[in-house]
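What follows is one structure encoded as structure tokens, with my remarks underneath.
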Amino acid sequence: MLKDGDVIAFDYDLFVEGHEGPYDTTRRETAEKAGALDPNAFYAPMSYQLGAGRLIKGLEEALKTCEVLKAKTVELSAEEAYGPRDPKNIETLPMQEFRKNKIDPEVGLVITYKNRRGIVTYVGGGRIRVDFNHALAGKKLRYEVMVQRVAKTPADRVRGVIQMDYPTSLTWDVEVKGDEATVTVPDEVKFDRNFLVAKYRIITDLHKLAELKSLRLVEAFSLKETEAPAAVPPA
């Protein structure tokens with residue numbers, strides 16, 4: 001049995017009531033078989049610290065009952081997943097709200113309004129209807145999950161928390177001594193805008209979830225000038 005605080009990596013295929021084929025997956029082979037392979041997607045087990053509260057409650061509780069490398073089917077009612085659809089989350093907004101933000105509304109457009117994410121469902125008469133319900137609200141879900149591994153060492157726990165906040169195929173150099181950790185940031189990450197955004201959450205989570213008192217994020221840059229390549233003479 002797994003417990004709160006365990007840092008795990010798990011695969012899943014998500015199937016949604018009324019949707020043909022997998023709705024989401026961490027497995028490349030699942031996406032290929034369904035003819036839904038996204039060349040820009042990152043297919044790999046999802047890192048997560050149980051108890052972090054970032055998964056829907058039904059899935060998180062089910063993961064605690066999993067055994068490593070044993071497949072498990074998790075079926076969730078709408079109430080256990082994203083809850084029922086709420087008519088109060090469907091609002092009609094004036095066109096001027098979109099014009100002042102230079103947005104041309106059309107049905108299907110996903111927007112963020114007052115820190116809420118919604119989808120435009122109707123445009124007409126100078127009024128725009130937006131559904132702020134979660135896309136999976138009111139739907140039964142089925143997960144096919146498998147916990148691939150559980151972090152055993154302090155360094156692996158740190159790597160798992162970093163991977164939770166900033167998923168990547170890169171390997172992080174981590175050294176942990178007591179309650180102090182040193183993390184060397186890979187060269188490929190240093191100038192990534194997504195990492196700059198994720199850095200604060202990584203620091204916060206490593207302090208809170210990995211129970212560290214001191215963290216050093218090392219970003220080393222070589223300032224040595226390199227010889228410019230010789231110009232190629234015209235043919």
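Following the order of the structure tokens, chains are lettered A, B, ..., residues in each are numbered from 1, and ligands are numbered from 1.
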
Go through stretch 88-180 of chain A and flag each residue having an atom no more than 9 Å from stretch 26-47 of chain A; for those, report the closest pair of atoms plus their distance in Å to one decimal, using only C-alpha atoms, ordered by chain and rising number, as a tab-separated table.
residue	atom	partner	partner_atom	distance
A:Val147	CA	A:Pro45	CA	8.4
A:Gln148	CA	A:Pro45	CA	7.4
A:Gly160	CA	A:Ser47	CA	5.7
A:Val161	CA	A:Ser47	CA	7.1
A:Ile162	CA	A:Ser47	CA	8.6
A:Gln163	CA	A:Ser47	CA	5.9
A:Met164	CA	A:Ser47	CA	4.8
A:Asp165	CA	A:Ser47	CA	8.6
A:Pro167	CA	A:Ser47	CA	8.0
A:Thr168	CA	A:Phe42	CA	7.6
A:Ser169	CA	A:Ala44	CA	8.1

Keeping only C-alpha atoms, write the selected residues to a file as a tab-separated table (two decimals), in the first residue's frame.
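The resulting file, again24.tsv, is shown below:
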chain	number	residue	atom	x	y	z
A	147	VAL	CA	2.57	2.70	-10.74
A	148	GLN	CA	5.98	2.25	-12.34
A	160	GLY	CA	10.41	13.28	-8.55
A	161	VAL	CA	9.14	16.57	-7.13
A	162	ILE	CA	11.01	18.52	-9.82
A	163	GLN	CA	9.53	16.25	-12.48
A	164	MET	CA	6.06	16.81	-11.02
A	165	ASP	CA	6.38	20.56	-11.49
A	167	PRO	CA	8.04	17.37	-16.73
A	168	THR	CA	11.06	16.70	-18.93
A	169	SER	CA	13.11	13.83	-20.33

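Residues of stretch 103-159 of chain A that DSSP places in strand (DSSP E or B), based on the backbone of this structure, are Val110, Ile111, Thr112, Tyr113, Arg116, Arg117, Gly118, Ile119, Val120, Thr121, Tyr122, Val123, Gly124, Arg127, Ile128, Arg129, Val130, Asp131, Leu141, Arg142, Tyr143, Glu144, Val145, Met146, Val147, Gln148, Arg149 and Val150 of chain A.
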
For C-alpha atoms, I'd like the residues from the last selection saved as a JSON list (two decimals), in the first residue's frame.
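The resulting file, part20.json, is shown below:
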[["chain", "number", "residue", "atom", "x", "y", "z"],
["A", 110, "VAL", "CA", -11.11, 28.67, -25.05],
["A", 111, "ILE", "CA", -10.68, 31.81, -22.98],
["A", 112, "THR", "CA", -9.54, 32.89, -19.52],
["A", 113, "TYR", "CA", -11.81, 35.45, -17.88],
["A", 116, "ARG", "CA", -11.50, 31.23, -14.90],
["A", 117, "ARG", "CA", -11.08, 29.03, -17.93],
["A", 118, "GLY", "CA", -14.08, 28.59, -20.20],
["A", 119, "ILE", "CA", -15.20, 27.76, -23.72],
["A", 120, "VAL", "CA", -17.36, 29.91, -25.98],
["A", 121, "THR", "CA", -20.58, 28.06, -26.85],
["A", 122, "TYR", "CA", -22.64, 30.78, -28.58],
["A", 123, "VAL", "CA", -22.00, 34.07, -30.38],
["A", 124, "GLY", "CA", -24.85, 36.35, -31.49],
["A", 127, "ARG", "CA", -23.68, 38.60, -26.55],
["A", 128, "ILE", "CA", -21.28, 35.73, -25.93],
["A", 129, "ARG", "CA", -22.17, 32.62, -23.95],
["A", 130, "VAL", "CA", -19.23, 31.01, -22.12],
["A", 131, "ASP", "CA", -19.27, 27.67, -20.30],
["A", 141, "LEU", "CA", -14.17, 8.45, -15.99],
["A", 142, "ARG", "CA", -12.15, 5.26, -16.27],
["A", 143, "TYR", "CA", -8.41, 5.19, -15.66],
["A", 144, "GLU", "CA", -6.14, 2.29, -16.55],
["A", 145, "VAL", "CA", -3.19, 2.96, -14.26],
["A", 146, "MET", "CA", 0.13, 1.38, -13.33],
["A", 147, "VAL", "CA", 2.57, 2.70, -10.74],
["A", 148, "GLN", "CA", 5.98, 2.25, -12.34],
["A", 149, "ARG", "CA", 8.18, 3.14, -9.38],
["A", 150, "VAL", "CA", 8.36, 4.71, -5.95]]

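Considering only C-alpha atoms, the residue among A:Asp104, A:Asp192, A:Asp6, A:Asp173 positioned nearest to A:Lys152 is A:Asp6.
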
Counting only C-alpha atoms, which of A:Tyr200, A:Phe10, A:Phe195, A:Phe221 gets nearest to A:Glu67? A:Phe10

Select from stretch 18-215 of chain A everything DSSP, run on the backbone, classes as alpha helix (DSSP H), then give the selection as a ChimeraX atom specification. /A:28-33,57-63,95-99,154-165,193-208

I'd like the contact shell of A:Thr184 - 9 Å cut-off, only C-alpha atoms, skipping same-chain residues fewer than 5 positions apart - returned as a PyMOL selection string. chain A and resi 172-175+216-220

Take the residues from that selection and write them out as a tab-separated table (two decimals), in the first residue's frame, keeping C-alpha atoms.
chain	number	residue	atom	x	y	z
A	172	TRP	CA	18.80	16.32	-13.05
A	173	ASP	CA	22.04	16.17	-11.08
A	174	VAL	CA	20.93	16.09	-7.43
A	175	GLU	CA	23.01	15.78	-4.26
A	216	ARG	CA	20.76	25.36	-3.87
A	217	LEU	CA	19.68	25.63	-7.50
A	218	VAL	CA	22.92	25.85	-9.47
A	219	GLU	CA	22.81	27.45	-12.91
A	220	ALA	CA	26.39	27.46	-14.21

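With distances taken over only C-alpha atoms, A:Val74 is the one residue among A:Leu55, A:Val176, A:Ile203, A:Val74 lying closest to A:Val16.
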
In terms of the shortest atom-to-atom distance over only C-alpha atoms, which of A:Gly18, A:Gly126, A:Glu79, A:Ala155 is closest to A:Met95? A:Gly126

Select, from A:Ala198, A:Glu188, A:Ile8, A:Lys140, the residue with the minimum atom-to-atom distance to A:Arg159, counting only C-alpha atoms. A:Ile8
